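Everything on this sheet refers to the single structure shown next.
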Amino acid sequence: MSASINLICCNFSYVPQNSSKFKTLIRARNLSQQSPVLSKRTSNSSVFLKPNNRIALVSPFQQKGVLKICQSSLNTQNSEEEAGQDKGLSVDNGKEGRDWTTSILLFVLWGALMYYVFNLSPNQTPSRDMYFLKKLLNLKGDDGFRMNEVLVSQWYIMGLWPLVYSMLLLPTGRSSKNNIPAWPFLVLSFFGGVYALLPYFVLWSPPPPPVDENELEKWPLNFLESKLTAGMALAAGIGLIIYAGLANADIWREFFQYFRESKFIHIMSLDFTLLSAFAPFWVYNDMTARKWYDKGFWLLPLSLVPILGPALYLVLRPSLSDLPVTVSKTTSE
């Protein structure tokens with residue numbers, strides 16, 4: 001029996017079993033049992049009451065003076081409460097925002113990194129750091145000093161990371177729930193690396209907005225979606241990794257010595273590590289936005305390989321122009 005009790009008022013005298021009214025009730029009962037629509041319609045309120053172990057049947061074709069179904073005030077109150085709860089639930093769902101726990105943790109990480117960079121990182125060789133920076137920027141001519149091969153390789157890889165992240169975040173890493181664009185942070189990442197990208201990670205609010213077909217044909221998406229761009233990034237990454245890998249043990253020991261003493265190299269190495277650590281997540285985000293997880297899931301473990309894994313994914317991923325689910329076609333009025 002339903003929890004909500006219906007009060008049935010019998011405003012008629014005893015109906016004999018051989019009367020036409022009794023037969024009408026029986027036929028109505030059989031009809032209600034055979035009709036799933038009727039059963040579903042009356043499921044919210046009990047259609048029978050069992051006082052003194054006797055079943056009072058309710059005809060769906062209510063005849064005047066035969067039976068009346070009167071819902072109690074308790075049943076009405078419960079219905080109103082349920083409707084209020086449903087309404088409140090819909091309001092809550094409408095006002096439901098993102099989970100800010102991850103954003104808070106990322107903000108704490110960014111704050112701790114900035115504090116470490118400016119206050120705790122080693123800074124034993126500031127003059128040598130400036131010399132290295134000028135050499136890497138080709139602002140200093142050939143003076144006979146041979147730069148560390150691992151340092152040179154890492155420097156140029158740090159120039160590839162902003163390109164790879166731009167291809168991962170535009171357009172599938174954009175935010176649709178706020179008006180914060182991704183491109184200013186990506187531009188700053190060419191100079192500040194992950195230290196410039198982390199504030200956007202904090203403010204990022206998925207899902208991404210739909211992309212117009214016309215937008216894919218314009219800068220910068222036509223460049224970032226190009227397989228040629230992805231192939232060049234992968235080829236450059238392979239060459240730089242091989243260049244560093246061919247260095248002998250003395251070169252690597254020298255690099256680790258620089259890491260312990262130089263503020264510039266220490267910060268750049270942390271930047272490289274964090275960009276490599278965040279890349280698999282953005283590969284997964286881009287993969288799911290393109291509805292390609294079922295076919296490309298095997299690339300997720302490979303994306304843990306610094307620069308090479310994400311670059312390989314960019315080469316193999318499907319183009320947005322081939323995905324009508326993601327692309328929003330513009331129609332002229």
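Here's how to read the names in the structure tokens: chain A, B, ... by the order shown, residue numbers from 1 in each chain, ligand numbers from 1 in the order shown.
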TODO: With a distance cut-off of 12 Å and only C-alpha atoms, select the neighbouring residues of range 193-196 of chain A, excluding the residue or stretch itself and same-chain residues fewer than 6 positions from it, and output the selection as an MDAnalysis selection string.
DONE: chainID A and resid 106:107 109:117 155 157:166 182:187 202 267:279
For those residues, write N, CA and C atoms to a file as a short mmCIF file (atom, residue, chain, number, x, y, z; two decimals), in the first residue's frame.
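As written to disk, selection-v3.cif reads:
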```cif
data_model
loop_
_atom_site.label_atom_id
_atom_site.label_comp_id
_atom_site.auth_asym_id
_atom_site.auth_seq_id
_atom_site.Cartn_x
_atom_site.Cartn_y
_atom_site.Cartn_z
N LEU A 106 45.44 23.88 -7.08
CA LEU A 106 46.34 24.43 -8.10
C LEU A 106 46.82 25.82 -7.73
N PHE A 107 45.94 26.61 -7.13
CA PHE A 107 46.34 27.94 -6.70
C PHE A 107 47.39 27.86 -5.59
N LEU A 109 49.47 25.39 -5.18
CA LEU A 109 50.69 24.94 -5.84
C LEU A 109 51.39 26.10 -6.53
N TRP A 110 50.61 26.92 -7.23
CA TRP A 110 51.21 28.07 -7.92
C TRP A 110 51.83 29.04 -6.93
N GLY A 111 51.13 29.31 -5.84
CA GLY A 111 51.68 30.21 -4.83
C GLY A 111 52.96 29.66 -4.20
N ALA A 112 52.97 28.36 -3.92
CA ALA A 112 54.17 27.74 -3.34
C ALA A 112 55.33 27.78 -4.33
N LEU A 113 55.03 27.55 -5.61
CA LEU A 113 56.09 27.61 -6.63
C LEU A 113 56.68 29.01 -6.74
N MET A 114 55.82 30.01 -6.75
CA MET A 114 56.32 31.38 -6.87
C MET A 114 57.15 31.76 -5.65
N TYR A 115 56.73 31.32 -4.48
CA TYR A 115 57.51 31.60 -3.27
C TYR A 115 58.87 30.91 -3.34
N TYR A 116 58.87 29.66 -3.82
CA TYR A 116 60.12 28.92 -3.93
C TYR A 116 61.05 29.55 -4.95
N VAL A 117 60.48 29.98 -6.08
CA VAL A 117 61.30 30.56 -7.14
C VAL A 117 62.00 31.83 -6.67
N TRP A 155 66.64 24.00 -23.32
CA TRP A 155 66.25 25.37 -23.67
C TRP A 155 65.32 25.40 -24.88
N ILE A 157 63.61 22.82 -26.09
CA ILE A 157 62.37 22.10 -25.78
C ILE A 157 61.39 23.01 -25.05
N MET A 158 61.91 23.89 -24.20
CA MET A 158 61.03 24.82 -23.51
C MET A 158 60.36 25.78 -24.50
N GLY A 159 60.95 25.97 -25.67
CA GLY A 159 60.29 26.74 -26.71
C GLY A 159 59.21 25.96 -27.44
N LEU A 160 59.28 24.62 -27.41
CA LEU A 160 58.26 23.79 -28.04
C LEU A 160 57.04 23.60 -27.15
N TRP A 161 57.24 23.59 -25.84
CA TRP A 161 56.12 23.32 -24.93
C TRP A 161 54.96 24.31 -25.11
N PRO A 162 55.19 25.62 -25.20
CA PRO A 162 54.05 26.53 -25.41
C PRO A 162 53.27 26.23 -26.68
N LEU A 163 53.97 25.81 -27.75
CA LEU A 163 53.28 25.44 -28.98
C LEU A 163 52.42 24.21 -28.76
N VAL A 164 52.96 23.21 -28.08
CA VAL A 164 52.20 21.99 -27.83
C VAL A 164 50.98 22.29 -26.96
N TYR A 165 51.15 23.11 -25.94
CA TYR A 165 50.02 23.44 -25.08
C TYR A 165 48.99 24.29 -25.81
N SER A 166 49.43 25.13 -26.72
CA SER A 166 48.47 25.91 -27.51
C SER A 166 47.62 24.99 -28.38
N ALA A 182 41.96 31.86 -23.13
CA ALA A 182 43.18 31.08 -22.88
C ALA A 182 44.40 31.68 -23.54
N TRP A 183 44.21 32.42 -24.63
CA TRP A 183 45.36 32.84 -25.42
C TRP A 183 46.32 33.78 -24.69
N PRO A 184 45.87 34.70 -23.80
CA PRO A 184 46.87 35.52 -23.11
C PRO A 184 47.83 34.69 -22.25
N PHE A 185 47.32 33.67 -21.60
CA PHE A 185 48.17 32.81 -20.78
C PHE A 185 49.11 31.99 -21.65
N LEU A 186 48.63 31.58 -22.82
CA LEU A 186 49.49 30.82 -23.73
C LEU A 186 50.61 31.69 -24.29
N VAL A 187 50.30 32.94 -24.58
CA VAL A 187 51.34 33.85 -25.05
C VAL A 187 52.38 34.09 -23.96
N VAL A 202 43.84 27.28 -12.91
CA VAL A 202 43.01 27.56 -11.74
C VAL A 202 41.64 28.07 -12.17
N ILE A 267 65.16 26.81 -12.14
CA ILE A 267 63.77 27.19 -12.40
C ILE A 267 63.30 26.60 -13.74
N MET A 268 64.17 26.63 -14.75
CA MET A 268 63.80 26.08 -16.04
C MET A 268 63.57 24.57 -15.97
N SER A 269 64.35 23.88 -15.18
CA SER A 269 64.18 22.43 -15.04
C SER A 269 62.88 22.10 -14.33
N LEU A 270 62.52 22.89 -13.30
CA LEU A 270 61.22 22.69 -12.65
C LEU A 270 60.08 22.97 -13.62
N ASP A 271 60.24 23.98 -14.44
CA ASP A 271 59.25 24.31 -15.45
C ASP A 271 59.06 23.14 -16.41
N PHE A 272 60.15 22.57 -16.88
CA PHE A 272 60.09 21.43 -17.78
C PHE A 272 59.38 20.24 -17.14
N THR A 273 59.68 19.99 -15.87
CA THR A 273 59.07 18.85 -15.17
C THR A 273 57.57 19.03 -15.01
N LEU A 274 57.14 20.22 -14.64
CA LEU A 274 55.71 20.46 -14.42
C LEU A 274 54.93 20.46 -15.73
N LEU A 275 55.51 21.00 -16.79
CA LEU A 275 54.83 20.96 -18.08
C LEU A 275 54.67 19.51 -18.56
N SER A 276 55.67 18.69 -18.30
CA SER A 276 55.58 17.28 -18.66
C SER A 276 54.53 16.56 -17.82
N ALA A 277 54.38 16.99 -16.55
CA ALA A 277 53.43 16.33 -15.65
C ALA A 277 51.98 16.69 -15.99
N PHE A 278 51.73 17.93 -16.40
CA PHE A 278 50.36 18.36 -16.71
C PHE A 278 49.91 17.93 -18.11
N ALA A 279 50.84 17.63 -18.99
CA ALA A 279 50.49 17.33 -20.39
C ALA A 279 49.53 16.16 -20.54
#
```
Task: Distance query Pro181 in chain A at most 12 Å, only C-alpha atoms, self and fewer than 6 positions along chain excluded, as a list of chain:residue names - done: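 After dropping sequence-adjacent residues, the list is A:Leu169, A:Leu170, A:Pro171, A:Gly173, A:Arg174, A:Ser175, A:Val187, A:Leu197, A:Pro199, A:Tyr200, A:Phe201, A:Leu203, A:Trp204, A:Ser205, A:Pro208, A:Pro209.
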Open item on the list: Could you tell me how far CA of Ser321 in chain A sits from CA of Phe223 in chain A, in Å to one decimal place?
Closed with: 13.3 Å
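For the set A:Phe256, A:Tyr156, A:Phe264, A:Phe132, the residue with the smallest atom-to-atom gap to Phe118 in chain A is A:Phe264, counting only C-alpha atoms.
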Open item on the list: As an exercise, work out the distance from CA of Leu136 in chain A to CA of Val152 in chain A in Å and give it to one decimal place.
Closed with: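 Calculated distance between CA of Leu136 in chain A and CA of Val152 in chain A is 7.2 Å.
Using only C-alpha atoms, the contacts of Ser262 in chain A at a cut-off of 7 Å, with sequence neighbours closer than 6 positions omitted, comprise Pro122, Asn123, Gln124, Thr125 and Asp129 of chain A.
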Open item on the list: I need the residue nearest Tyr293 in chain A from this list: A:Gly231, A:Tyr313, A:Val305, A:Thr102. Use only C-alpha atoms for the distance.
Closed with: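 With only C-alpha atoms as the atom set, the closest residue is A:Tyr313.
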Task: Leu300 in chain A environment, 12 Å, only C-alpha atoms, sequence neighbours closer than 5 positions dropped, as a list in words - done: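 Non-adjacent residues within range: Ala279, Pro280, Phe281, Trp282, Val283, Tyr284, Asn285, Asp286, Met287, Thr288, Trp292, Tyr293, Asp294, Lys295, Val305, Leu308, Gly309, Pro310, Ala311, Leu312, Tyr313, Leu314 and Arg317 of chain A.
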Could you write out that same residue set with N, CA, C and O atoms as a PDB file, in the first residue's frame?
```
ATOM      1  N   ALA A 279      50.839  17.630 -18.991  1.00  0.00           N
ATOM      2  CA  ALA A 279      50.490  17.334 -20.390  1.00  0.00           C
ATOM      3  C   ALA A 279      49.527  16.156 -20.537  1.00  0.00           C
ATOM      4  O   ALA A 279      48.581  16.245 -21.346  1.00  0.00           O
ATOM      5  N   PRO A 280      49.696  15.029 -19.821  1.00  0.00           N
ATOM      6  CA  PRO A 280      48.753  13.918 -20.009  1.00  0.00           C
ATOM      7  C   PRO A 280      47.300  14.287 -19.725  1.00  0.00           C
ATOM      8  O   PRO A 280      46.396  13.783 -20.402  1.00  0.00           O
ATOM      9  N   PHE A 281      47.065  15.150 -18.754  1.00  0.00           N
ATOM     10  CA  PHE A 281      45.683  15.542 -18.481  1.00  0.00           C
ATOM     11  C   PHE A 281      45.087  16.286 -19.658  1.00  0.00           C
ATOM     12  O   PHE A 281      43.936  16.029 -20.048  1.00  0.00           O
ATOM     13  N   TRP A 282      45.842  17.211 -20.248  1.00  0.00           N
ATOM     14  CA  TRP A 282      45.302  17.988 -21.358  1.00  0.00           C
ATOM     15  C   TRP A 282      45.195  17.150 -22.623  1.00  0.00           C
ATOM     16  O   TRP A 282      44.345  17.426 -23.476  1.00  0.00           O
ATOM     17  N   VAL A 283      46.032  16.141 -22.751  1.00  0.00           N
ATOM     18  CA  VAL A 283      45.856  15.188 -23.847  1.00  0.00           C
ATOM     19  C   VAL A 283      44.534  14.447 -23.671  1.00  0.00           C
ATOM     20  O   VAL A 283      43.765  14.277 -24.628  1.00  0.00           O
ATOM     21  N   TYR A 284      44.261  13.999 -22.458  1.00  0.00           N
ATOM     22  CA  TYR A 284      42.997  13.305 -22.177  1.00  0.00           C
ATOM     23  C   TYR A 284      41.806  14.231 -22.399  1.00  0.00           C
ATOM     24  O   TYR A 284      40.782  13.813 -22.972  1.00  0.00           O
ATOM     25  N   ASN A 285      41.916  15.475 -21.978  1.00  0.00           N
ATOM     26  CA  ASN A 285      40.814  16.421 -22.167  1.00  0.00           C
ATOM     27  C   ASN A 285      40.540  16.656 -23.643  1.00  0.00           C
ATOM     28  O   ASN A 285      39.380  16.670 -24.083  1.00  0.00           O
ATOM     29  N   ASP A 286      41.583  16.834 -24.422  1.00  0.00           N
ATOM     30  CA  ASP A 286      41.398  17.044 -25.857  1.00  0.00           C
ATOM     31  C   ASP A 286      40.858  15.789 -26.530  1.00  0.00           C
ATOM     32  O   ASP A 286      40.009  15.862 -27.429  1.00  0.00           O
ATOM     33  N   MET A 287      41.326  14.638 -26.075  1.00  0.00           N
ATOM     34  CA  MET A 287      40.889  13.370 -26.654  1.00  0.00           C
ATOM     35  C   MET A 287      39.401  13.134 -26.424  1.00  0.00           C
ATOM     36  O   MET A 287      38.665  12.719 -27.334  1.00  0.00           O
ATOM     37  N   THR A 288      38.923  13.390 -25.228  1.00  0.00           N
ATOM     38  CA  THR A 288      37.502  13.189 -24.926  1.00  0.00           C
ATOM     39  C   THR A 288      36.635  14.232 -25.615  1.00  0.00           C
ATOM     40  O   THR A 288      35.506  13.937 -26.020  1.00  0.00           O
ATOM     41  N   TRP A 292      37.338  10.739 -29.209  1.00  0.00           N
ATOM     42  CA  TRP A 292      38.322   9.835 -29.791  1.00  0.00           C
ATOM     43  C   TRP A 292      38.961   8.947 -28.732  1.00  0.00           C
ATOM     44  O   TRP A 292      39.967   8.299 -29.001  1.00  0.00           O
ATOM     45  N   TYR A 293      38.379   8.896 -27.541  1.00  0.00           N
ATOM     46  CA  TYR A 293      39.007   8.135 -26.463  1.00  0.00           C
ATOM     47  C   TYR A 293      39.024   6.641 -26.778  1.00  0.00           C
ATOM     48  O   TYR A 293      40.002   5.951 -26.470  1.00  0.00           O
ATOM     49  N   ASP A 294      37.960   6.122 -27.368  1.00  0.00           N
ATOM     50  CA  ASP A 294      37.880   4.689 -27.642  1.00  0.00           C
ATOM     51  C   ASP A 294      38.989   4.223 -28.582  1.00  0.00           C
ATOM     52  O   ASP A 294      39.472   3.091 -28.468  1.00  0.00           O
ATOM     53  N   LYS A 295      39.390   5.079 -29.508  1.00  0.00           N
ATOM     54  CA  LYS A 295      40.428   4.711 -30.462  1.00  0.00           C
ATOM     55  C   LYS A 295      41.821   5.165 -30.036  1.00  0.00           C
ATOM     56  O   LYS A 295      42.819   4.546 -30.413  1.00  0.00           O
ATOM     57  N   VAL A 305      55.673  10.547 -21.747  1.00  0.00           N
ATOM     58  CA  VAL A 305      57.011  10.814 -22.265  1.00  0.00           C
ATOM     59  C   VAL A 305      57.112  12.299 -22.577  1.00  0.00           C
ATOM     60  O   VAL A 305      56.325  12.822 -23.368  1.00  0.00           O
ATOM     61  N   LEU A 308      57.560  14.271 -26.479  1.00  0.00           N
ATOM     62  CA  LEU A 308      57.350  13.335 -27.581  1.00  0.00           C
ATOM     63  C   LEU A 308      55.959  12.722 -27.539  1.00  0.00           C
ATOM     64  O   LEU A 308      55.308  12.581 -28.586  1.00  0.00           O
ATOM     65  N   GLY A 309      55.490  12.329 -26.353  1.00  0.00           N
ATOM     66  CA  GLY A 309      54.165  11.725 -26.238  1.00  0.00           C
ATOM     67  C   GLY A 309      53.053  12.663 -26.651  1.00  0.00           C
ATOM     68  O   GLY A 309      52.220  12.320 -27.505  1.00  0.00           O
ATOM     69  N   PRO A 310      52.982  13.891 -26.084  1.00  0.00           N
ATOM     70  CA  PRO A 310      51.948  14.832 -26.532  1.00  0.00           C
ATOM     71  C   PRO A 310      52.065  15.204 -28.001  1.00  0.00           C
ATOM     72  O   PRO A 310      51.050  15.362 -28.683  1.00  0.00           O
ATOM     73  N   ALA A 311      53.292  15.355 -28.508  1.00  0.00           N
ATOM     74  CA  ALA A 311      53.465  15.701 -29.918  1.00  0.00           C
ATOM     75  C   ALA A 311      52.976  14.574 -30.825  1.00  0.00           C
ATOM     76  O   ALA A 311      52.369  14.825 -31.874  1.00  0.00           O
ATOM     77  N   LEU A 312      53.214  13.329 -30.437  1.00  0.00           N
ATOM     78  CA  LEU A 312      52.720  12.201 -31.217  1.00  0.00           C
ATOM     79  C   LEU A 312      51.197  12.184 -31.231  1.00  0.00           C
ATOM     80  O   LEU A 312      50.572  11.892 -32.267  1.00  0.00           O
ATOM     81  N   TYR A 313      50.581  12.481 -30.111  1.00  0.00           N
ATOM     82  CA  TYR A 313      49.115  12.548 -30.076  1.00  0.00           C
ATOM     83  C   TYR A 313      48.602  13.624 -31.023  1.00  0.00           C
ATOM     84  O   TYR A 313      47.602  13.415 -31.729  1.00  0.00           O
ATOM     85  N   LEU A 314      49.275  14.777 -31.055  1.00  0.00           N
ATOM     86  CA  LEU A 314      48.831  15.864 -31.924  1.00  0.00           C
ATOM     87  C   LEU A 314      48.897  15.467 -33.400  1.00  0.00           C
ATOM     88  O   LEU A 314      48.100  15.940 -34.213  1.00  0.00           O
ATOM     89  N   ARG A 317      45.780  12.652 -33.759  1.00  0.00           N
ATOM     90  CA  ARG A 317      44.396  12.971 -33.380  1.00  0.00           C
ATOM     91  C   ARG A 317      43.578  13.372 -34.600  1.00  0.00           C
ATOM     92  O   ARG A 317      44.101  13.908 -35.584  1.00  0.00           O
TER      93      ARG A 317
END
```
